[in-house]
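Participant: Sending over upload.cif (mmCIF, C-alpha atoms).
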data_final
loop_
_atom_site.label_atom_id
_atom_site.label_comp_id
_atom_site.auth_asym_id
_atom_site.auth_seq_id
_atom_site.Cartn_x
_atom_site.Cartn_y
_atom_site.Cartn_z
CA MET J 160 -80.71 306.44 41.22
CA SER J 161 -77.53 304.99 39.82
CA GLN J 162 -74.39 304.32 41.79
CA SER J 163 -71.08 305.80 40.72
CA THR J 164 -67.69 304.44 41.68
CA GLU J 165 -65.90 307.54 40.40
CA PRO J 166 -63.84 309.46 42.95
CA VAL J 167 -65.17 312.72 44.36
CA ARG J 168 -63.24 315.46 42.54
CA ARG J 169 -65.61 318.46 42.66
CA ILE J 170 -67.03 319.45 46.03
CA GLY J 171 -69.62 322.11 46.65
CA VAL J 172 -69.91 323.79 50.03
CA VAL J 173 -73.09 325.66 50.92
CA GLY J 174 -72.48 328.18 53.66
CA ALA J 175 -69.22 330.10 54.04
CA GLY J 176 -69.21 330.72 57.78
CA ALA J 177 -66.66 329.19 60.14
CA MET J 178 -67.59 325.61 59.30
CA GLY J 179 -68.09 326.06 55.55
CA ARG J 180 -64.81 327.90 55.04
CA GLY J 181 -62.96 325.25 57.02
CA ILE J 182 -64.54 322.45 54.98
CA ALA J 183 -63.66 324.30 51.77
CA GLN J 184 -60.06 324.71 52.95
CA ILE J 185 -59.44 321.05 53.76
CA ALA J 186 -61.13 319.91 50.54
CA ALA J 187 -59.00 322.26 48.42
CA VAL J 188 -55.81 321.15 50.21
CA ALA J 189 -56.86 317.53 49.56
CA ASP J 190 -56.71 318.25 45.80
CA ALA J 191 -60.45 318.65 45.18
CA HIS J 192 -61.91 321.46 43.13
CA VAL J 193 -64.16 323.37 45.54
CA VAL J 194 -67.11 325.61 44.76
CA LEU J 195 -68.15 327.72 47.75
CA TYR J 196 -71.60 329.30 47.92
CA ASP J 197 -73.12 331.58 50.53
CA ALA J 198 -76.40 333.47 50.34
CA SER J 199 -74.29 336.55 51.02
CA GLY J 200 -71.68 336.94 48.32
CA ASP J 201 -69.65 339.13 50.68
CA VAL J 202 -69.38 336.25 53.16
CA ALA J 203 -68.15 333.91 50.41
CA ARG J 204 -65.51 336.43 49.26
CA GLU J 205 -64.38 336.96 52.87
CA ALA J 206 -64.20 333.19 53.34
CA LYS J 207 -61.90 332.76 50.33
CA ALA J 208 -59.64 335.53 51.62
CA PHE J 209 -59.62 333.91 55.07
CA VAL J 210 -58.66 330.52 53.61
CA GLY J 211 -55.85 332.24 51.72
CA LYS J 212 -54.55 333.72 54.99
CA MET J 213 -54.76 330.34 56.73
CA LEU J 214 -52.84 328.66 53.92
CA THR J 215 -50.21 331.41 54.00
CA ARG J 216 -49.85 330.80 57.72
CA ALA J 217 -49.49 327.05 57.07
CA VAL J 218 -46.68 327.81 54.62
CA GLU J 219 -44.94 330.03 57.18
CA LYS J 220 -45.13 327.19 59.73
CA GLY J 221 -43.73 324.69 57.24
CA ARG J 222 -46.89 322.56 57.10
CA ILE J 223 -47.34 322.91 53.34
CA SER J 224 -45.27 324.36 50.52
CA ALA J 225 -46.03 327.67 48.86
CA GLY J 226 -46.87 325.77 45.68
CA GLU J 227 -49.37 323.57 47.52
CA ALA J 228 -51.01 326.65 49.04
CA ASP J 229 -51.20 328.41 45.67
CA SER J 230 -52.70 325.30 44.04
CA ALA J 231 -55.28 324.92 46.81
CA ILE J 232 -56.36 328.57 46.47
CA ALA J 233 -56.60 328.13 42.69
CA ARG J 234 -58.93 325.15 43.22
CA LEU J 235 -61.27 327.20 45.46
CA GLN J 236 -63.84 329.28 43.66
CA ILE J 237 -66.81 331.17 44.96
CA CYS J 238 -70.13 331.29 43.20
CA ALA J 239 -73.22 333.46 43.33
CA THR J 240 -75.93 330.83 42.88
CA LEU J 241 -76.68 327.28 43.94
CA ALA J 242 -76.98 326.42 40.24
CA ALA J 243 -73.18 326.78 39.98
CA LEU J 244 -72.95 323.62 42.10
CA SER J 245 -74.81 321.53 39.51
CA ASP J 246 -71.74 319.56 38.39
CA CYS J 247 -70.44 318.69 41.87
CA ASP J 248 -69.89 315.10 42.97
CA LEU J 249 -70.48 315.96 46.63
CA ILE J 250 -72.13 318.94 48.27
CA VAL J 251 -71.69 319.65 51.97
CA GLU J 252 -74.23 321.96 53.56
CA ALA J 253 -72.99 324.11 56.45
CA ILE J 254 -75.77 326.63 57.02
CA PRO J 255 -77.59 327.65 60.23
CA GLU J 256 -79.28 324.91 62.25
CA LYS J 257 -82.83 325.60 61.03
CA LEU J 258 -84.66 322.52 59.78
CA GLU J 259 -86.92 324.29 57.27
CA LEU J 260 -83.98 326.20 55.79
CA LYS J 261 -81.91 323.04 55.38
CA GLN J 262 -84.86 321.18 53.85
CA ARG J 263 -85.40 323.97 51.30
CA VAL J 264 -81.73 324.00 50.34
CA PHE J 265 -81.62 320.22 49.87
CA GLN J 266 -84.78 320.25 47.77
CA GLU J 267 -83.34 322.98 45.58
CA LEU J 268 -80.00 321.18 45.26
CA GLU J 269 -81.72 317.94 44.37
CA ASN J 270 -83.30 319.70 41.37
CA LEU J 271 -79.92 321.02 40.19
CA VAL J 272 -77.44 318.15 40.56
CA SER J 273 -77.00 314.77 38.94
CA GLU J 274 -78.60 311.79 40.62
CA ASP J 275 -75.10 310.53 41.52
CA CYS J 276 -74.26 313.63 43.53
CA ILE J 277 -74.03 312.99 47.27
CA LEU J 278 -75.78 315.60 49.39
CA ALA J 279 -74.38 315.89 52.90
CA THR J 280 -75.28 317.95 55.92
CA ASN J 281 -72.84 319.14 58.54
CA THR J 282 -75.63 319.40 61.11
CA SER J 283 -74.69 318.99 64.73
CA SER J 284 -78.15 318.89 66.23
CA LEU J 285 -80.83 318.07 63.67
CA SER J 286 -81.96 314.68 62.41
CA VAL J 287 -80.47 313.86 59.01
CA THR J 288 -83.62 311.86 58.28
CA SER J 289 -85.75 314.94 58.96
CA ILE J 290 -83.55 317.10 56.75
CA ALA J 291 -83.79 314.55 53.92
CA SER J 292 -87.50 313.75 54.30
CA PRO J 293 -88.86 316.21 51.69
CA CYS J 294 -86.31 315.11 49.06
CA ARG J 295 -87.30 312.84 46.17
CA TYR J 296 -84.28 310.62 46.93
CA PRO J 297 -83.67 310.99 50.66
CA VAL J 298 -81.34 307.97 50.59
CA ARG J 299 -78.59 310.10 49.06
CA VAL J 300 -78.61 312.63 51.90
CA ALA J 301 -75.90 311.87 54.45
CA GLY J 302 -74.56 313.32 57.64
CA LEU J 303 -70.94 314.44 57.34
CA HIS J 304 -70.10 316.29 60.51
CA PHE J 305 -66.90 318.23 61.03
CA PHE J 306 -65.68 319.70 64.31
CA ASN J 307 -64.62 323.31 64.68
CA PRO J 308 -62.00 324.43 63.75
CA VAL J 309 -62.21 322.11 60.78
CA PRO J 310 -58.59 322.35 59.54
CA LEU J 311 -57.25 321.43 62.98
CA MET J 312 -59.77 318.78 63.97
#
What do you get writing this file as structure tokens?

Facilitator:
Amino acid sequence: MSQSTEPVRRIGVVGAGAMGRGIAQIAAVADAHVVLYDASGDVAREAKAFVGKMLTRAVEKGRISAGEADSAIARLQICATLAALSDCDLIVEAIPEKLELKQRVFQELENLVSEDCILATNTSSLSVTSIASPCRYPVRVAGLHFFNPVPLM
């Protein structure tokens, strides 16, 4: 594995539930291009609409400008397959707390992304080492835990 010093500009989020949509929102507001995937395309579409509503609310409260909200929404895209995350610099997994499921997702991601891509789990209860153990390069799997609700915490 090589080490990159390039900034993280493209972030993938796997799982578009409460945590995933919050992570996608803060990343898009922070000027990153975000690709949001969920096994259910409907959930991903609902998540993007929800983020749009939250950003509209932030504009109404004077926290961000309308232009910033529009730009953040433009940087958030949904995708139908994990393969669409192949050019991400960082991928944050936010799926249900099931070890085998997380392990499968990380193994699949590892086969799709560059060796410089950081793979992170948002787990709150599972061992990051256990999640990473079946990966070819477990050293690049990190814990990156957010608290709910992500945009406020």

Participant: Name the residues captured by the PyMOL selection byres ((chain J and resi 256) around 8) when it is applied to the shown file; answer as JSON, numbers by chain.

Facilitator: {"J": [254, 255, 257, 258, 261, 282, 283, 284, 285]}

Participant: Could you tell me, as a PyMOL selection string, exactly which residues end up selected when the PyMOL selection byres ((chain J and resi 311) around 12) is applied to this structure?

Facilitator: chain J and resi 178+181-182+184-185+213+217+222+305-310+312

Participant: Quick one: everything within 10 Å of Asp229 (chain J), counting all atoms listed in the file, minus sequence neighbours fewer than 3 positions away in the same chain. Send it as number ranges by chain.

Facilitator: J: 188, 211, 214-215, 224-226, 232-234

Participant: Store the residues picked out above, limited to C-alpha atoms, as a CSV table (one decimal), in the coordinates of the input.

Facilitator:
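Ended up saving to selection-v5.csv:
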chain,number,residue,atom,x,y,z
J,188,VAL,CA,-55.8,321.2,50.2
J,211,GLY,CA,-55.8,332.2,51.7
J,214,LEU,CA,-52.8,328.7,53.9
J,215,THR,CA,-50.2,331.4,54.0
J,224,SER,CA,-45.3,324.4,50.5
J,225,ALA,CA,-46.0,327.7,48.9
J,226,GLY,CA,-46.9,325.8,45.7
J,232,ILE,CA,-56.4,328.6,46.5
J,233,ALA,CA,-56.6,328.1,42.7
J,234,ARG,CA,-58.9,325.2,43.2

Participant: Counting all atoms listed in the file, figure out which residue out of J:Ile250, J:Ala228, J:Leu244, J:Val202 gets nearest to Ala301 (chain J).

Facilitator: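 Comparing J:Ile250, J:Ala228, J:Leu244, J:Val202 against Ala301 (chain J), the winner is J:Ile250.
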
Participant: What does the distance between CA of Val172 (chain J) and CA of Gly221 (chain J) come to in Å, to one decimal place?

Facilitator: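 CA of Val172 (chain J) sits 27.2 Å away from CA of Gly221 (chain J).
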
Participant: When the PyMOL selection byres ((chain J and resi 276) around 8) is applied to the structure above, which residues does it catch, written out as JSON, numbers by chain?

Facilitator: {"J": [247, 248, 249, 250, 272, 273, 274, 275, 277, 278, 299]}

Participant: Between CA of Pro293 (chain J) and CA of Asp246 (chain J), measure the distance and give it in Å to one decimal.

Facilitator: 21.9 Å

Participant: Hey, can you check how far CA of Val210 (chain J) sits from CA of Leu271 (chain J)?

Facilitator: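 For CA of Val210 (chain J) relative to CA of Leu271 (chain J), the distance reads 26.9 Å.
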
Participant: What lies within 9 Å of Thr288 (chain J) using only C-alpha atoms, ignoring chain neighbours under 5 positions off, as a list in words?

Facilitator: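 Close residues of Thr288 (chain J): Pro297, Val298, Val300 and Ala301 of chain J.
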
Participant: Can you pull out the residues contacting Gln262 (chain J)? Cut-off 9 Å, using all atoms listed in the file, and skip same-chain residues under 5 positions away; I want them as a count of residues only.

Facilitator: 8

Participant: Check the smallest atom-to-atom distance from each of J:Ala177, J:Ala189, J:Val251, J:Cys238 to Ile223 (chain J) using all atoms listed in the file, then report the winner.

Facilitator: J:Ala189

Participant: Identify the residues within 7 Å of coordinate (-71.7, 315.8, 55.9) (same frame as the file), considering all atoms listed in the file, and give the answer as an mmCIF file with C-alpha atoms, in the coordinates of the input.

Facilitator:
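File part_35.cif, as written:
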data_model
loop_
_atom_site.group_PDB
_atom_site.id
_atom_site.type_symbol
_atom_site.label_atom_id
_atom_site.label_comp_id
_atom_site.auth_asym_id
_atom_site.auth_seq_id
_atom_site.Cartn_x
_atom_site.Cartn_y
_atom_site.Cartn_z
ATOM 1 C CA VAL J 251 -71.690 319.650 51.970
ATOM 2 C CA ALA J 279 -74.380 315.890 52.900
ATOM 3 C CA THR J 280 -75.280 317.950 55.920
ATOM 4 C CA ASN J 281 -72.840 319.140 58.540
ATOM 5 C CA ALA J 301 -75.900 311.870 54.450
ATOM 6 C CA GLY J 302 -74.560 313.320 57.640
ATOM 7 C CA LEU J 303 -70.940 314.440 57.340
ATOM 8 C CA HIS J 304 -70.100 316.290 60.510
#

Participant: Counting only C-alpha atoms, which residue out of J:Gly200, J:Ser245, J:Glu227, J:Ala208 sits closest to Arg169 (chain J)?

Facilitator: J:Ser245

Participant: May I ask which of the residues J:Val167, J:Val194, J:Val173, J:Val264 is the closest one to Gln236 (chain J), counting only C-alpha atoms?

Facilitator: J:Val194

Participant: Considering only C-alpha atoms, can you say which of J:Leu268, J:Ser230, J:Lys212, J:Lys220 comes closest to Gly171 (chain J)?

Facilitator: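 Of the candidates, the smallest distance to Gly171 (chain J) is held by J:Leu268.
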
Participant: Would you please work out which residue, of J:Val287, J:Arg168, J:Phe209, J:Ser199, is nearest to Ala186 (chain J) when using all atoms listed in the file?

Facilitator: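 Looking at the shortest contact to Ala186 (chain J), the residue is J:Arg168.
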
Participant: If we count all atoms listed in the file, what is near Ala203 (chain J) at a cut-off of 9 Å, once residues fewer than 2 positions away on the same chain are taken out, given as number ranges by chain?

Facilitator: J: 174-176, 180, 195-201, 205-208, 237-239
